[in-house]
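Asker: Below is coords.json; it holds JSON, C-alpha atoms.
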```
[["chain", "number", "residue", "atom", "x", "y", "z"],
["H", 1, "MET", "CA", 108.23, 73.23, 47.66],
["H", 2, "THR", "CA", 108.58, 72.93, 43.92],
["H", 3, "ILE", "CA", 109.96, 69.94, 42.05],
["H", 4, "TRP", "CA", 111.11, 69.99, 38.44],
["H", 5, "ARG", "CA", 111.93, 66.92, 36.38],
["H", 6, "ARG", "CA", 114.14, 66.68, 33.33],
["H", 7, "ASP", "CA", 114.68, 63.18, 32.01],
["H", 8, "THR", "CA", 116.03, 61.21, 34.98],
["H", 9, "ARG", "CA", 116.85, 64.22, 37.16],
["H", 10, "LEU", "CA", 114.71, 65.83, 39.82],
["H", 11, "VAL", "CA", 115.43, 69.26, 41.26],
["H", 12, "MET", "CA", 113.61, 70.41, 44.38],
["H", 13, "LEU", "CA", 113.40, 73.99, 45.64],
["H", 14, "ILE", "CA", 112.25, 74.43, 49.23],
["H", 15, "GLU", "CA", 111.47, 77.76, 50.85],
["H", 16, "THR", "CA", 111.64, 77.42, 54.64],
["H", 17, "GLU", "CA", 111.64, 79.33, 57.88],
["H", 18, "PRO", "CA", 115.08, 80.23, 59.33],
["H", 19, "ASP", "CA", 114.83, 77.53, 62.02],
["H", 20, "PHE", "CA", 114.15, 74.72, 59.51],
["H", 21, "GLY", "CA", 116.42, 71.66, 59.63],
["H", 22, "PHE", "CA", 116.83, 69.14, 56.82],
["H", 23, "ASP", "CA", 116.59, 66.36, 59.40],
["H", 24, "GLN", "CA", 112.85, 67.14, 59.33],
["H", 25, "LEU", "CA", 112.73, 65.69, 55.80],
["H", 26, "VAL", "CA", 114.47, 62.42, 56.63],
["H", 27, "ALA", "CA", 112.16, 59.41, 56.75],
["H", 28, "GLY", "CA", 112.32, 57.70, 60.12],
["H", 29, "VAL", "CA", 110.37, 55.18, 62.12],
["H", 30, "GLU", "CA", 107.53, 57.62, 62.81],
["H", 31, "VAL", "CA", 107.15, 58.70, 59.18],
["H", 32, "HIS", "CA", 103.67, 58.79, 57.69],
["H", 33, "PRO", "CA", 103.08, 55.89, 55.22],
["H", 34, "ARG", "CA", 102.29, 58.35, 52.41],
["H", 35, "VAL", "CA", 105.78, 59.88, 52.79],
["H", 36, "THR", "CA", 107.31, 56.43, 52.28],
["H", 37, "GLU", "CA", 105.08, 55.94, 49.23],
["H", 38, "TRP", "CA", 106.07, 59.37, 47.85],
["H", 39, "ASN", "CA", 109.79, 58.65, 48.31],
["H", 40, "ALA", "CA", 109.47, 55.33, 46.46],
["H", 41, "LEU", "CA", 107.58, 57.01, 43.60],
["H", 42, "MET", "CA", 110.18, 59.79, 43.27],
["H", 43, "ALA", "CA", 113.00, 57.22, 43.30],
["H", 44, "SER", "CA", 111.44, 55.58, 40.25],
["H", 45, "PHE", "CA", 111.96, 58.80, 38.25],
["H", 46, "GLN", "CA", 115.66, 59.25, 38.85],
["H", 47, "ARG", "CA", 119.06, 57.63, 38.73],
["H", 48, "PRO", "CA", 122.23, 58.73, 40.54],
["H", 49, "LEU", "CA", 124.72, 60.83, 38.63],
["H", 50, "PRO", "CA", 127.70, 58.86, 37.28],
["H", 51, "GLY", "CA", 130.34, 58.87, 39.99],
["H", 52, "GLY", "CA", 127.90, 60.33, 42.53],
["H", 53, "ASN", "CA", 126.85, 58.99, 45.90],
["H", 54, "GLU", "CA", 123.71, 56.91, 46.18],
["H", 55, "ARG", "CA", 121.84, 58.05, 49.27]]
```
Starting from the file, give its structure as structure tokens.

Answerer:
Amino acid sequence: MTIWRRDTRLVMLIETEPDFGFDQLVAGVEVHPRVTEWNALMASFQRPLPGGNER
């Protein structure tokens, strides 16, 4: 995984195995506390695009 930042935009490139599913990246009830901390930190660096969906 590589993450680039430019101003308020983050771009992430992930190289995975063929059987990888993005649902593995979604934070759920069993998520490690550091993942929650990481997601909050990354959210502080970005804003949604005008007219885009906030997810």

Asker: With only C-alpha atoms as the counted atoms, please give the residues lying no more than 9 Å from range 9-14 of chain H, apart from itself and same-chain residues fewer than 3 positions off, as a ChimeraX atom specification.

Answerer: /H:1-6,42,45-49

Asker: Ranking H:Asp7, H:Glu17, H:Asp23, H:Glu30 by minimum distance to Ser44 in chain H and counting all atoms listed in the file, which one comes first?

Answerer: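 Nearest to Ser44 in chain H: H:Asp7.
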
Asker: Rounded to one decimal, what separation in Å do you get between CA of Ala40 in chain H and CA of Glu15 in chain H?

Answerer: 22.9 Å

Asker: If I take CA of Phe22 in chain H and CA of Ala43 in chain H, how far is one from the other in Å, to one decimal?

Answerer: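 Going from CA of Phe22 in chain H over to CA of Ala43 in chain H, I get 18.4 Å.
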
Asker: To one decimal place, how far is CA of Glu37 in chain H from CA of Gly51 in chain H in Å?

Answerer: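 Separation between CA of Glu37 in chain H and CA of Gly51 in chain H: 27.1 Å.
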